[in-house]
>>> print(open('target_21.cif').read())   # mmCIF, N, CA and C atoms
data_run
#
loop_
_atom_site.group_PDB
_atom_site.id
_atom_site.type_symbol
_atom_site.label_atom_id
_atom_site.label_comp_id
_atom_site.auth_asym_id
_atom_site.auth_seq_id
_atom_site.Cartn_x
_atom_site.Cartn_y
_atom_site.Cartn_z
ATOM 1 N N MET A 1 -22.487 25.232 14.755
ATOM 2 C CA MET A 1 -21.213 25.590 14.173
ATOM 3 C C MET A 1 -20.053 24.911 14.908
ATOM 4 N N LYS A 2 -20.172 24.772 16.221
ATOM 5 C CA LYS A 2 -19.118 24.121 16.991
ATOM 6 C C LYS A 2 -18.984 22.654 16.599
ATOM 7 N N ALA A 3 -20.118 22.014 16.336
ATOM 8 C CA ALA A 3 -20.081 20.601 15.950
ATOM 9 C C ALA A 3 -19.404 20.436 14.593
ATOM 10 N N PHE A 4 -19.630 21.346 13.679
ATOM 11 C CA PHE A 4 -19.011 21.279 12.351
ATOM 12 C C PHE A 4 -17.491 21.432 12.452
ATOM 13 N N ILE A 5 -17.027 22.369 13.239
ATOM 14 C CA ILE A 5 -15.587 22.570 13.415
ATOM 15 C C ILE A 5 -14.967 21.367 14.116
ATOM 16 N N ALA A 6 -15.676 20.823 15.095
ATOM 17 C CA ALA A 6 -15.176 19.631 15.777
ATOM 18 C C ALA A 6 -15.089 18.454 14.809
ATOM 19 N N ALA A 7 -16.058 18.319 13.914
ATOM 20 C CA ALA A 7 -16.032 17.236 12.930
ATOM 21 C C ALA A 7 -14.869 17.399 11.964
ATOM 22 N N ILE A 8 -14.586 18.616 11.545
ATOM 23 C CA ILE A 8 -13.457 18.873 10.646
ATOM 24 C C ILE A 8 -12.139 18.558 11.355
ATOM 25 N N LEU A 9 -12.008 18.958 12.596
ATOM 26 C CA LEU A 9 -10.792 18.665 13.350
ATOM 27 C C LEU A 9 -10.626 17.163 13.566
ATOM 28 N N PHE A 10 -11.712 16.471 13.879
ATOM 29 C CA PHE A 10 -11.638 15.024 14.064
ATOM 30 C C PHE A 10 -11.238 14.335 12.762
ATOM 31 N N ALA A 11 -11.795 14.764 11.633
ATOM 32 C CA ALA A 11 -11.448 14.169 10.342
ATOM 33 C C ALA A 11 -9.973 14.389 10.020
ATOM 34 N N ALA A 12 -9.454 15.557 10.327
ATOM 35 C CA ALA A 12 -8.046 15.846 10.059
ATOM 36 C C ALA A 12 -7.143 14.984 10.944
ATOM 37 N N VAL A 13 -7.484 14.863 12.222
ATOM 38 C CA VAL A 13 -6.670 14.052 13.136
ATOM 39 C C VAL A 13 -6.739 12.580 12.726
ATOM 40 N N ALA A 14 -7.923 12.098 12.349
ATOM 41 C CA ALA A 14 -8.070 10.709 11.918
ATOM 42 C C ALA A 14 -7.283 10.445 10.633
ATOM 43 N N ALA A 15 -7.271 11.390 9.720
ATOM 44 C CA ALA A 15 -6.530 11.215 8.468
ATOM 45 C C ALA A 15 -5.025 11.164 8.716
ATOM 46 N N VAL A 16 -4.529 12.027 9.570
ATOM 47 C CA VAL A 16 -3.097 12.028 9.884
ATOM 48 C C VAL A 16 -2.729 10.744 10.613
ATOM 49 N N GLY A 17 -3.560 10.321 11.537
ATOM 50 C CA GLY A 17 -3.295 9.078 12.259
ATOM 51 C C GLY A 17 -3.303 7.870 11.337
ATOM 52 N N ALA A 18 -4.275 7.790 10.440
ATOM 53 C CA ALA A 18 -4.338 6.670 9.499
ATOM 54 C C ALA A 18 -3.135 6.672 8.563
ATOM 55 N N ALA A 19 -2.709 7.836 8.123
ATOM 56 C CA ALA A 19 -1.539 7.919 7.244
ATOM 57 C C ALA A 19 -0.285 7.433 7.961
ATOM 58 N N ASN A 20 -0.147 7.777 9.221
ATOM 59 C CA ASN A 20 1.025 7.330 9.977
ATOM 60 C C ASN A 20 1.000 5.821 10.204
ATOM 61 N N VAL A 21 -0.161 5.272 10.520
ATOM 62 C CA VAL A 21 -0.272 3.830 10.735
ATOM 63 C C VAL A 21 0.022 3.079 9.443
ATOM 64 N N LEU A 22 -0.554 3.517 8.344
ATOM 65 C CA LEU A 22 -0.309 2.845 7.069
ATOM 66 C C LEU A 22 1.139 2.977 6.632
ATOM 67 N N ASP A 23 1.762 4.082 6.924
ATOM 68 C CA ASP A 23 3.155 4.282 6.546
ATOM 69 C C ASP A 23 4.071 3.314 7.281
ATOM 70 N N THR A 24 3.729 2.972 8.511
ATOM 71 C CA THR A 24 4.574 2.061 9.269
ATOM 72 C C THR A 24 4.236 0.599 9.032
ATOM 73 N N GLN A 25 3.019 0.279 8.596
ATOM 74 C CA GLN A 25 2.593 -1.111 8.461
ATOM 75 C C GLN A 25 2.797 -1.680 7.066
ATOM 76 N N GLN A 26 2.720 -0.864 6.042
ATOM 77 C CA GLN A 26 2.800 -1.371 4.676
ATOM 78 C C GLN A 26 4.238 -1.675 4.300
ATOM 79 N N ARG A 27 4.387 -2.690 3.435
ATOM 80 C CA ARG A 27 5.706 -3.053 2.925
ATOM 81 C C ARG A 27 5.691 -2.893 1.402
ATOM 82 N N ALA A 28 6.859 -2.703 0.845
ATOM 83 C CA ALA A 28 6.972 -2.578 -0.601
ATOM 84 C C ALA A 28 6.685 -3.932 -1.256
ATOM 85 N N ALA A 29 6.281 -3.917 -2.508
ATOM 86 C CA ALA A 29 5.935 -5.149 -3.216
ATOM 87 C C ALA A 29 7.139 -6.073 -3.336
ATOM 88 N N TRP A 30 8.317 -5.528 -3.545
ATOM 89 C CA TRP A 30 9.502 -6.380 -3.679
ATOM 90 C C TRP A 30 9.852 -7.044 -2.359
ATOM 91 N N ASP A 31 9.456 -6.432 -1.264
ATOM 92 C CA ASP A 31 9.730 -7.018 0.041
ATOM 93 C C ASP A 31 8.642 -8.011 0.448
ATOM 94 N N ALA A 32 7.408 -7.744 0.073
ATOM 95 C CA ALA A 32 6.293 -8.599 0.479
ATOM 96 C C ALA A 32 6.219 -9.872 -0.356
ATOM 97 N N ASN A 33 6.589 -9.818 -1.620
ATOM 98 C CA ASN A 33 6.479 -10.965 -2.521
ATOM 99 C C ASN A 33 7.863 -11.537 -2.808
ATOM 100 N N THR A 34 8.405 -12.218 -1.836
ATOM 101 C CA THR A 34 9.756 -12.750 -2.001
ATOM 102 C C THR A 34 9.772 -14.261 -2.133
ATOM 103 N N THR A 35 8.651 -14.860 -2.507
ATOM 104 C CA THR A 35 8.616 -16.310 -2.671
ATOM 105 C C THR A 35 9.163 -16.695 -4.031
ATOM 106 N N ALA A 36 9.461 -17.970 -4.205
ATOM 107 C CA ALA A 36 9.979 -18.447 -5.490
ATOM 108 C C ALA A 36 8.920 -18.329 -6.584
ATOM 109 N N GLY A 37 7.652 -18.384 -6.240
ATOM 110 C CA GLY A 37 6.587 -18.278 -7.229
ATOM 111 C C GLY A 37 6.445 -16.890 -7.823
ATOM 112 N N ALA A 38 7.010 -15.892 -7.186
ATOM 113 C CA ALA A 38 6.898 -14.521 -7.680
ATOM 114 C C ALA A 38 8.002 -14.180 -8.666
ATOM 115 N N ARG A 39 8.944 -15.072 -8.846
ATOM 116 C CA ARG A 39 10.054 -14.792 -9.754
ATOM 117 C C ARG A 39 9.874 -15.571 -11.049
ATOM 118 N N VAL A 40 10.233 -14.935 -12.142
ATOM 119 C CA VAL A 40 10.130 -15.581 -13.448
ATOM 120 C C VAL A 40 11.508 -16.100 -13.831
ATOM 121 N N GLY A 41 11.585 -17.377 -14.090
ATOM 122 C CA GLY A 41 12.837 -17.968 -14.530
ATOM 123 C C GLY A 41 12.844 -18.075 -16.048
ATOM 124 N N ASP A 42 12.696 -19.280 -16.562
ATOM 125 C CA ASP A 42 12.648 -19.511 -17.997
ATOM 126 C C ASP A 42 11.294 -19.024 -18.518
ATOM 127 N N PRO A 43 11.271 -18.142 -19.544
ATOM 128 C CA PRO A 43 9.988 -17.621 -20.012
ATOM 129 C C PRO A 43 9.127 -18.672 -20.723
ATOM 130 N N GLY A 44 9.704 -19.752 -21.155
ATOM 131 C CA GLY A 44 8.893 -20.794 -21.785
ATOM 132 C C GLY A 44 8.547 -20.492 -23.226
ATOM 133 N N HIS A 45 7.611 -21.251 -23.751
ATOM 134 C CA HIS A 45 7.273 -21.125 -25.173
ATOM 135 C C HIS A 45 6.033 -20.279 -25.417
ATOM 136 N N ASN A 46 5.301 -19.881 -24.388
ATOM 137 C CA ASN A 46 4.042 -19.174 -24.604
ATOM 138 C C ASN A 46 4.171 -17.660 -24.573
ATOM 139 N N LEU A 47 5.369 -17.115 -24.387
ATOM 140 C CA LEU A 47 5.540 -15.671 -24.371
ATOM 141 C C LEU A 47 6.066 -15.196 -25.724
ATOM 142 N N VAL A 48 5.682 -13.991 -26.092
ATOM 143 C CA VAL A 48 6.113 -13.409 -27.353
ATOM 144 C C VAL A 48 7.550 -12.904 -27.198
ATOM 145 N N LYS A 49 8.409 -13.295 -28.103
ATOM 146 C CA LYS A 49 9.795 -12.844 -28.060
ATOM 147 C C LYS A 49 10.053 -11.942 -29.268
ATOM 148 N N ASN A 50 10.718 -10.815 -29.017
ATOM 149 C CA ASN A 50 11.014 -9.866 -30.091
ATOM 150 C C ASN A 50 12.416 -10.069 -30.587
#
>>> encode(input="target_21.cif", output="structure tokens")
Amino acid sequence: MKAFIAAILFAAVAAVGAANVLDTQQRAAWDANTTAGARVGDPGHNLVKN
């Protein structure tokens, strides 16, 4: 029973730690993809226009 409780506590601590690390390391898509290739200029002739 002690091992089961220890495993639950370890899983909770690992989940909180992973959430904090990911929260600080990840960037928003608009911030990460700021190259000229990620922007659409002239839509061209192959897109459907309404």
>>> atom_distance(input="target_21.cif", atom1="CA of Ala28 (chain A)", atom2="atom C of Phe10 (chain A)")
28.2 Å
>>> atom_distance(input="target_21.cif", atom1="CA of Ala7 (chain A)", atom2="CA of Val21 (chain A)")
20.8 Å
>>> atom_distance(input="target_21.cif", atom1="atom N of Ala18 (chain A)", atom2="atom C of Phe4 (chain A)")
19.1 Å
>>> axis_aligned_box(input="target_21.cif", around="region 24-30 of chain A", padding_each_side="5 Å", output="lines of an AutoDock Vina configuration file")
center_x = 6.2
center_y = -2.0
center_z = 2.8
size_x = 17.3
size_y = 20.0
size_z = 22.9
